[in-house]
>>> print(open('target_29.txt').read())   # compact mmCIF, C-alpha atoms and all ligand atoms
# COMPACT_ATOMS: atom_id res chain seq x y z
CA MET A 118 -10.41 -2.90 -16.87
CA THR A 119 -9.20 -3.45 -13.35
CA THR A 120 -11.65 -5.21 -11.04
CA ILE A 121 -11.76 -3.79 -7.52
CA THR A 122 -12.70 -6.13 -4.67
CA LEU A 123 -12.92 -5.60 -0.93
CA VAL A 124 -11.73 -8.01 1.73
CA GLN A 125 -12.06 -7.64 5.46
CA GLY A 126 -9.08 -9.02 7.33
CA ASP A 127 -5.33 -9.14 7.72
CA ILE A 128 -3.36 -8.26 4.58
CA THR A 129 -0.56 -10.65 5.56
CA ARG A 130 -3.04 -13.55 5.14
CA GLN A 131 -3.91 -12.67 1.55
CA THR A 132 -2.85 -14.41 -1.64
CA ALA A 133 -1.85 -12.01 -4.41
CA ASP A 134 0.96 -11.46 -6.87
CA ALA A 135 1.90 -8.35 -4.92
CA ILE A 136 1.00 -7.07 -1.46
CA VAL A 137 1.37 -3.34 -0.85
CA ASN A 138 3.03 -2.21 2.38
CA ALA A 139 2.16 1.08 4.09
CA ALA A 140 5.81 1.73 4.89
CA ASN A 141 7.79 4.76 6.02
CA SER A 142 10.72 6.41 4.24
CA SER A 143 13.32 4.42 6.17
CA LEU A 144 12.04 1.13 4.63
CA LEU A 145 13.31 -0.49 7.82
CA GLY A 146 9.99 -1.43 9.38
CA GLY A 147 7.52 0.01 11.85
CA GLY A 148 4.11 -0.75 13.34
CA GLY A 149 0.72 -1.44 11.76
CA VAL A 150 0.72 -3.12 8.34
CA ASP A 151 4.49 -2.61 8.04
CA GLY A 152 5.22 -4.45 11.27
CA ALA A 153 2.81 -7.26 10.38
CA ILE A 154 4.33 -7.72 6.89
CA HIS A 155 7.88 -7.93 8.22
CA ARG A 156 6.82 -10.29 11.04
CA ARG A 157 4.98 -12.73 8.84
CA GLY A 158 7.16 -12.28 5.74
CA GLY A 159 10.38 -12.88 7.64
CA PRO A 160 13.89 -11.39 7.38
CA ALA A 161 14.28 -11.70 3.59
CA ILE A 162 12.13 -8.57 3.15
CA LEU A 163 14.22 -6.48 5.53
CA ASP A 164 17.42 -7.74 3.88
CA GLU A 165 16.24 -6.37 0.52
CA CYS A 166 15.05 -3.14 2.11
CA ARG A 167 18.52 -2.64 3.61
CA LYS A 168 20.06 -3.19 0.19
CA LEU A 169 17.74 -0.57 -1.30
CA ARG A 170 18.85 1.86 1.41
CA ALA A 171 22.48 1.08 0.57
CA SER A 172 21.91 1.74 -3.14
CA GLN A 173 19.23 3.78 -4.93
CA TYR A 174 17.36 4.93 -1.81
CA ALA A 175 20.22 6.04 0.43
CA GLU A 176 18.08 8.96 1.63
CA GLY A 177 15.01 6.79 2.06
CA LEU A 178 11.97 6.26 -0.16
CA PRO A 179 10.20 9.59 -0.74
CA THR A 180 6.53 9.98 0.22
CA GLY A 181 4.23 8.98 -2.66
CA ARG A 182 6.79 6.63 -4.27
CA ALA A 183 6.88 2.83 -4.39
CA VAL A 184 9.52 0.11 -4.64
CA ALA A 185 9.31 -3.71 -4.68
CA THR A 186 11.10 -6.43 -2.74
CA THR A 187 10.60 -10.14 -2.32
CA ALA A 188 7.54 -11.14 -0.29
CA GLY A 189 9.57 -13.63 1.76
CA ALA A 190 7.24 -16.14 3.42
CA LEU A 191 4.04 -14.27 2.47
CA ASP A 192 1.72 -15.87 -0.08
CA ALA A 193 2.77 -13.41 -2.77
CA ARG A 194 5.70 -12.88 -5.11
CA TRP A 195 6.44 -9.31 -4.17
CA VAL A 196 5.85 -6.69 -1.51
CA ILE A 197 5.48 -3.22 -2.98
CA HIS A 198 6.47 -0.69 -0.33
CA THR A 199 4.99 2.78 -0.56
CA VAL A 200 5.16 5.73 1.79
CA GLY A 201 1.86 7.45 2.48
CA PRO A 202 1.65 11.08 3.57
CA VAL A 203 0.97 11.96 7.20
CA PHE A 204 -2.47 13.60 7.29
CA SER A 205 -2.40 17.35 7.78
CA PRO A 206 -5.49 19.40 8.70
CA THR A 207 -3.85 22.51 7.22
CA GLU A 208 -2.21 21.25 4.01
CA ASP A 209 -3.84 19.19 1.24
CA ARG A 210 -1.63 16.16 0.70
CA SER A 211 -4.21 14.20 -1.32
CA ASP A 212 -1.97 14.11 -4.41
CA LEU A 213 0.65 12.23 -2.44
CA LEU A 214 -1.88 9.66 -1.26
CA ALA A 215 -3.12 9.23 -4.84
CA SER A 216 0.50 8.95 -5.98
CA CYS A 217 1.07 5.99 -3.62
CA HIS A 218 -1.66 4.07 -5.44
CA ARG A 219 -0.53 5.10 -8.92
CA GLU A 220 3.14 4.35 -8.22
CA ALA A 221 2.36 0.97 -6.61
CA LEU A 222 0.38 0.01 -9.74
CA ARG A 223 3.19 1.26 -11.98
CA VAL A 224 5.68 -0.94 -10.11
CA ALA A 225 3.18 -3.83 -10.29
CA ASP A 226 3.03 -3.38 -14.08
CA GLU A 227 6.83 -3.40 -14.32
CA LEU A 228 6.89 -6.67 -12.39
CA GLY A 229 4.04 -8.22 -14.37
CA ALA A 230 1.83 -8.56 -11.27
CA ARG A 231 -1.83 -9.19 -12.16
CA THR A 232 -3.33 -9.19 -8.68
CA VAL A 233 -2.43 -6.59 -6.06
CA ALA A 234 -3.64 -6.26 -2.46
CA PHE A 235 -3.63 -2.79 -0.89
CA PRO A 236 -4.15 -1.76 2.74
CA ALA A 237 -5.85 1.54 3.56
CA ILE A 238 -2.63 3.53 3.23
CA SER A 239 -2.09 6.44 5.70
CA THR A 240 -5.24 5.68 7.74
CA GLY A 241 -3.48 4.30 10.82
CA VAL A 242 -0.39 5.86 12.36
CA TYR A 243 -0.56 8.61 9.69
CA ARG A 244 -4.14 9.52 10.78
CA TRP A 245 -5.80 10.10 7.38
CA PRO A 246 -9.62 10.08 7.81
CA MET A 247 -10.87 6.73 6.49
CA GLU A 248 -13.72 8.08 4.37
CA ASP A 249 -11.48 10.50 2.50
CA ALA A 250 -8.72 7.89 2.11
CA ALA A 251 -11.29 5.46 0.66
CA ARG A 252 -12.45 8.11 -1.82
CA ILE A 253 -8.90 8.85 -2.99
CA ALA A 254 -7.85 5.17 -3.13
CA VAL A 255 -10.86 4.00 -5.13
CA ALA A 256 -10.86 6.98 -7.52
CA THR A 257 -7.13 6.66 -8.19
CA VAL A 258 -7.27 2.92 -8.90
CA ARG A 259 -10.32 3.42 -11.14
CA ALA A 260 -8.51 6.10 -13.14
CA ALA A 261 -5.19 4.25 -13.37
CA ASP A 262 -3.80 3.12 -16.68
CA THR A 263 -2.61 -0.33 -15.58
CA SER A 264 -2.48 -3.96 -16.70
CA VAL A 265 -3.27 -5.12 -13.16
CA GLU A 266 -6.43 -7.21 -13.42
CA GLU A 267 -7.55 -7.22 -9.82
CA VAL A 268 -6.96 -4.78 -7.00
CA SER A 269 -8.20 -5.86 -3.60
CA PHE A 270 -8.43 -3.45 -0.72
CA VAL A 271 -7.88 -5.34 2.51
CA LEU A 272 -9.59 -3.51 5.35
CA PHE A 273 -8.96 -4.35 8.96
CA ASP A 274 -12.34 -3.54 10.48
CA ASP A 275 -16.08 -3.21 9.72
CA ARG A 276 -16.05 0.55 9.53
CA ALA A 277 -13.20 0.72 7.03
CA TYR A 278 -14.87 -1.98 4.95
CA ALA A 279 -18.18 -0.09 4.94
CA LEU A 280 -16.54 3.19 3.94
CA PHE A 281 -14.69 1.57 1.03
CA ALA A 282 -17.88 -0.26 0.00
CA ALA A 283 -19.72 3.08 -0.10
CA GLN A 284 -17.13 4.39 -2.56
CA LEU A 285 -17.56 1.39 -4.83
CA GLY A 286 -21.31 1.99 -4.68
N1 LIG B 1 -3.93 -5.92 7.62
C1 LIG B 1 -4.72 -4.98 7.07
N2 LIG B 1 -4.85 -3.73 7.55
C2 LIG B 1 -4.14 -3.43 8.66
C3 LIG B 1 -3.27 -4.35 9.31
C4 LIG B 1 -3.19 -5.64 8.73
N3 LIG B 1 -2.40 -6.60 9.27
N4 LIG B 1 -2.70 -3.73 10.38
C5 LIG B 1 -3.18 -2.47 10.41
N5 LIG B 1 -4.07 -2.28 9.39
P1 LIG B 1 -0.81 1.78 9.32
P2 LIG B 1 -0.08 4.28 7.90
C6 LIG B 1 -4.81 -1.07 8.99
O1 LIG B 1 -0.61 2.46 10.63
O2 LIG B 1 -1.19 5.02 8.53
C7 LIG B 1 4.00 2.17 10.36
O3 LIG B 1 4.64 2.28 11.59
C8 LIG B 1 -4.94 0.03 10.02
O4 LIG B 1 -6.09 -0.21 10.83
O5 LIG B 1 -0.27 0.42 9.13
O6 LIG B 1 0.19 4.43 6.42
C9 LIG B 1 4.91 2.46 9.17
O7 LIG B 1 6.23 2.01 9.43
C10 LIG B 1 -5.11 1.25 9.14
O8 LIG B 1 -6.46 1.41 8.74
O9 LIG B 1 -0.19 2.67 8.11
C11 LIG B 1 4.84 3.94 9.07
O10 LIG B 1 5.72 4.57 9.98
C12 LIG B 1 -4.30 0.93 7.89
O11 LIG B 1 -4.06 -0.47 7.95
C13 LIG B 1 3.42 4.26 9.46
O12 LIG B 1 3.00 3.18 10.29
C14 LIG B 1 -2.97 1.65 7.77
O13 LIG B 1 -2.38 1.81 9.06
C15 LIG B 1 2.49 4.28 8.27
O14 LIG B 1 1.21 4.67 8.70
>>> encode(input="target_29.txt", output="structure tokens", more="lines below")
Ligand code: AR6
Amino acid sequence: MTTITLVQGDITRQTADAIVNAANSSLLGGGGVDGAIHRRGGPAILDECRKLRASQYAEGLPTGRAVATTAGALDARWVIHTVGPVFSPTEDRSDLLASCHREALRVADELGARTVAFPAISTGVYRWPMEDAARIAVATVRAADTSVEEVSFVLFDDRAYALFAAQLG
């Protein structure tokens, strides 16, 4: 059984075996969580991302997939980068958002990570409505077949925290 906990705050301040990054396909950084992780984690993360781009992910990491690097100076062993879908009002991309959570947990299992911190993937720059993202994130983690013991969702503000809390009920 995986325990799900909620934390309000900055994901780069968390302690966990693995911290999940809401990245983009380039793996070369960006704003939001991605920018904060690279800033606080330091250049070792970007170095490994560049190596991934030079090897198995020459075309970039596809949406819905996940890959791990060092966590650099973060209080974690690994960063698991995943690429959320951009929200579309005309196309249902929920499976891709669920896939981000499933794939991140699969990578965590491969690494032997027992505690994993997730941000609210796709709810910032990628504009996914928070309530629906919370529903998909919580349901997917609950249904996952994983050895991860604790998943924490790290929510930046009160509203996100409340919407995730409502899903945990
Ligand atoms: N800790 C926790 N949550 C945060 C933090 C933080 N330090 N910073 C922002 N959030 P986003 P996306 C919240 O935009 O929507 C990047 O440029 C934020 O309020 O980080 O998946 C990437 O390179 C929001 O609720 O990720 C991609 O290009 C949530 O984290 C693109 O943005 C996710 O917002 C990915 O967009």
>>> residues_near_point(input="target_29.txt", point="(2.2, -6.2, 2.3)", cutoff="9 Å", atoms="all atoms listed in the file", output="PyMOL selection string")
chain A and resi 128-129+131+135-139+150-151+153-155+158+188+191+193+195-198+234-236
>>> atom_distance(input="target_29.txt", atom1="CA of Ala183 in chain A", atom2="CA of Leu228 in chain A")
12.4 Å
>>> residues_near_ligand(input="target_29.txt", ligand="ligand LIG 1 (chain B)", cutoff="8 Å", atoms="all atoms listed in the file", output="compact mmCIF listing (two decimals) with C-alpha atoms, keeping the file's coordinate frame")
# COMPACT_ATOMS: atom_id res chain seq x y z
CA GLN A 125 -12.06 -7.64 5.46
CA GLY A 126 -9.08 -9.02 7.33
CA ASP A 127 -5.33 -9.14 7.72
CA ILE A 128 -3.36 -8.26 4.58
CA THR A 129 -0.56 -10.65 5.56
CA ASN A 138 3.03 -2.21 2.38
CA ALA A 139 2.16 1.08 4.09
CA ALA A 140 5.81 1.73 4.89
CA ASN A 141 7.79 4.76 6.02
CA SER A 142 10.72 6.41 4.24
CA LEU A 144 12.04 1.13 4.63
CA LEU A 145 13.31 -0.49 7.82
CA GLY A 146 9.99 -1.43 9.38
CA GLY A 147 7.52 0.01 11.85
CA GLY A 148 4.11 -0.75 13.34
CA GLY A 149 0.72 -1.44 11.76
CA VAL A 150 0.72 -3.12 8.34
CA ASP A 151 4.49 -2.61 8.04
CA GLY A 152 5.22 -4.45 11.27
CA ALA A 153 2.81 -7.26 10.38
CA ILE A 154 4.33 -7.72 6.89
CA VAL A 200 5.16 5.73 1.79
CA GLY A 201 1.86 7.45 2.48
CA PRO A 202 1.65 11.08 3.57
CA VAL A 203 0.97 11.96 7.20
CA PRO A 236 -4.15 -1.76 2.74
CA ALA A 237 -5.85 1.54 3.56
CA ILE A 238 -2.63 3.53 3.23
CA SER A 239 -2.09 6.44 5.70
CA THR A 240 -5.24 5.68 7.74
CA GLY A 241 -3.48 4.30 10.82
CA VAL A 242 -0.39 5.86 12.36
CA TYR A 243 -0.56 8.61 9.69
CA ARG A 244 -4.14 9.52 10.78
CA TRP A 245 -5.80 10.10 7.38
CA MET A 247 -10.87 6.73 6.49
CA VAL A 271 -7.88 -5.34 2.51
CA LEU A 272 -9.59 -3.51 5.35
CA PHE A 273 -8.96 -4.35 8.96
CA ASP A 274 -12.34 -3.54 10.48
CA ALA A 277 -13.20 0.72 7.03
>>> closest_residue(input="target_29.txt", among="A:Val124, A:Ala230, A:Met118, A:Cys166", to="Leu178 in chain A", atoms="all atoms listed in the file")
A:Cys166
>>> closest_residue(input="target_29.txt", among="A:Arg130, A:Lys168, A:Arg231, A:His218", to="Arg259 in chain A", atoms="only C-alpha atoms")
A:His218
>>> closest_residue(input="target_29.txt", among="A:Ala190, A:Ala133, A:Val224, A:Val233", to="Val268 in chain A", atoms="all atoms listed in the file")
A:Val233
>>> atom_distance(input="target_29.txt", atom1="CA of Asp192 in chain A", atom2="CA of Leu280 in chain A")
26.7 Å
>>> closest_residue(input="target_29.txt", among="A:Ser211, A:Thr263, A:Thr180, A:Thr122", to="Pro246 in chain A", atoms="only C-alpha atoms")
A:Ser211
>>> atom_distance(input="target_29.txt", atom1="CA of Ala254 in chain A", atom2="CA of Arg219 in chain A")
9.3 Å
>>> closest_residue(input="target_29.txt", among="A:Asp134, A:Glu208, A:Glu176, A:Glu220", to="Ala261 in chain A", atoms="all atoms listed in the file")
A:Glu220
>>> closest_residue(input="target_29.txt", among="A:Ala225, A:Glu266, A:Ala175, A:Ala283", to="Ala251 in chain A", atoms="all atoms listed in the file")
A:Ala283
>>> build_atoms(input="target_29.txt", residues="range 144-155 of chain A", atoms="all heavy atoms", output="PDB file, in the frame of the given file")
ATOM      1  N   LEU A 144      12.185   2.497   5.173  1.00  0.00           N
ATOM      2  CA  LEU A 144      12.040   1.130   4.630  1.00  0.00           C
ATOM      3  C   LEU A 144      12.527   0.082   5.635  1.00  0.00           C
ATOM      4  O   LEU A 144      12.710  -1.078   5.261  1.00  0.00           O
ATOM      5  CB  LEU A 144      12.804   0.958   3.302  1.00  0.00           C
ATOM      6  CG  LEU A 144      12.249   1.702   2.088  1.00  0.00           C
ATOM      7  CD1 LEU A 144      13.204   1.515   0.892  1.00  0.00           C
ATOM      8  CD2 LEU A 144      10.851   1.209   1.725  1.00  0.00           C
ATOM      9  N   LEU A 145      12.720   0.463   6.873  1.00  0.00           N
ATOM     10  CA  LEU A 145      13.310  -0.490   7.820  1.00  0.00           C
ATOM     11  C   LEU A 145      12.292  -1.018   8.837  1.00  0.00           C
ATOM     12  O   LEU A 145      12.657  -1.588   9.860  1.00  0.00           O
ATOM     13  CB  LEU A 145      14.506   0.161   8.529  1.00  0.00           C
ATOM     14  CG  LEU A 145      15.625   0.583   7.560  1.00  0.00           C
ATOM     15  CD1 LEU A 145      16.788   1.239   8.306  1.00  0.00           C
ATOM     16  CD2 LEU A 145      16.146  -0.602   6.750  1.00  0.00           C
ATOM     17  N   GLY A 146      11.019  -0.844   8.527  1.00  0.00           N
ATOM     18  CA  GLY A 146       9.990  -1.430   9.380  1.00  0.00           C
ATOM     19  C   GLY A 146       9.336  -0.414  10.285  1.00  0.00           C
ATOM     20  O   GLY A 146       9.732   0.748  10.343  1.00  0.00           O
ATOM     21  N   GLY A 147       8.288  -0.867  10.975  1.00  0.00           N
ATOM     22  CA  GLY A 147       7.520   0.010  11.850  1.00  0.00           C
ATOM     23  C   GLY A 147       6.374  -0.773  12.450  1.00  0.00           C
ATOM     24  O   GLY A 147       6.462  -1.996  12.575  1.00  0.00           O
ATOM     25  N   GLY A 148       5.285  -0.073  12.762  1.00  0.00           N
ATOM     26  CA  GLY A 148       4.110  -0.750  13.340  1.00  0.00           C
ATOM     27  C   GLY A 148       3.079  -1.052  12.273  1.00  0.00           C
ATOM     28  O   GLY A 148       3.394  -1.082  11.083  1.00  0.00           O
ATOM     29  N   GLY A 149       1.845  -1.266  12.685  1.00  0.00           N
ATOM     30  CA  GLY A 149       0.720  -1.440  11.760  1.00  0.00           C
ATOM     31  C   GLY A 149       0.965  -2.496  10.699  1.00  0.00           C
ATOM     32  O   GLY A 149       1.516  -3.567  10.981  1.00  0.00           O
ATOM     33  N   VAL A 150       0.561  -2.199   9.466  1.00  0.00           N
ATOM     34  CA  VAL A 150       0.720  -3.120   8.340  1.00  0.00           C
ATOM     35  C   VAL A 150       2.205  -3.460   8.153  1.00  0.00           C
ATOM     36  O   VAL A 150       2.574  -4.617   7.927  1.00  0.00           O
ATOM     37  CB  VAL A 150       0.179  -2.466   7.044  1.00  0.00           C
ATOM     38  CG1 VAL A 150       0.526  -3.289   5.830  1.00  0.00           C
ATOM     39  CG2 VAL A 150      -1.328  -2.271   7.143  1.00  0.00           C
ATOM     40  N   ASP A 151       3.046  -2.457   8.248  1.00  0.00           N
ATOM     41  CA  ASP A 151       4.490  -2.610   8.040  1.00  0.00           C
ATOM     42  C   ASP A 151       5.065  -3.654   9.001  1.00  0.00           C
ATOM     43  O   ASP A 151       5.761  -4.596   8.596  1.00  0.00           O
ATOM     44  CB  ASP A 151       5.135  -1.236   8.263  1.00  0.00           C
ATOM     45  CG  ASP A 151       6.523  -1.102   7.675  1.00  0.00           C
ATOM     46  OD1 ASP A 151       6.953  -2.004   6.942  1.00  0.00           O
ATOM     47  OD2 ASP A 151       7.170  -0.081   7.973  1.00  0.00           O
ATOM     48  N   GLY A 152       4.733  -3.502  10.274  1.00  0.00           N
ATOM     49  CA  GLY A 152       5.220  -4.450  11.270  1.00  0.00           C
ATOM     50  C   GLY A 152       4.709  -5.855  10.983  1.00  0.00           C
ATOM     51  O   GLY A 152       5.460  -6.837  11.063  1.00  0.00           O
ATOM     52  N   ALA A 153       3.421  -5.942  10.630  1.00  0.00           N
ATOM     53  CA  ALA A 153       2.810  -7.260  10.380  1.00  0.00           C
ATOM     54  C   ALA A 153       3.450  -7.927   9.162  1.00  0.00           C
ATOM     55  O   ALA A 153       3.722  -9.134   9.169  1.00  0.00           O
ATOM     56  CB  ALA A 153       1.297  -7.093  10.179  1.00  0.00           C
ATOM     57  N   ILE A 154       3.719  -7.160   8.111  1.00  0.00           N
ATOM     58  CA  ILE A 154       4.330  -7.720   6.890  1.00  0.00           C
ATOM     59  C   ILE A 154       5.739  -8.238   7.191  1.00  0.00           C
ATOM     60  O   ILE A 154       6.094  -9.352   6.788  1.00  0.00           O
ATOM     61  CB  ILE A 154       4.324  -6.667   5.760  1.00  0.00           C
ATOM     62  CG1 ILE A 154       2.912  -6.610   5.153  1.00  0.00           C
ATOM     63  CG2 ILE A 154       5.383  -6.974   4.694  1.00  0.00           C
ATOM     64  CD1 ILE A 154       2.716  -5.589   4.062  1.00  0.00           C
ATOM     65  N   HIS A 155       6.527  -7.465   7.913  1.00  0.00           N
ATOM     66  CA  HIS A 155       7.880  -7.930   8.220  1.00  0.00           C
ATOM     67  C   HIS A 155       7.857  -9.139   9.177  1.00  0.00           C
ATOM     68  O   HIS A 155       8.663 -10.051   9.041  1.00  0.00           O
ATOM     69  CB  HIS A 155       8.733  -6.796   8.796  1.00  0.00           C
ATOM     70  CG  HIS A 155       9.225  -5.840   7.749  1.00  0.00           C
ATOM     71  ND1 HIS A 155      10.236  -6.159   6.882  1.00  0.00           N
ATOM     72  CD2 HIS A 155       8.817  -4.593   7.413  1.00  0.00           C
ATOM     73  CE1 HIS A 155      10.451  -5.139   6.055  1.00  0.00           C
ATOM     74  NE2 HIS A 155       9.596  -4.173   6.364  1.00  0.00           N
TER      75      HIS A 155
END
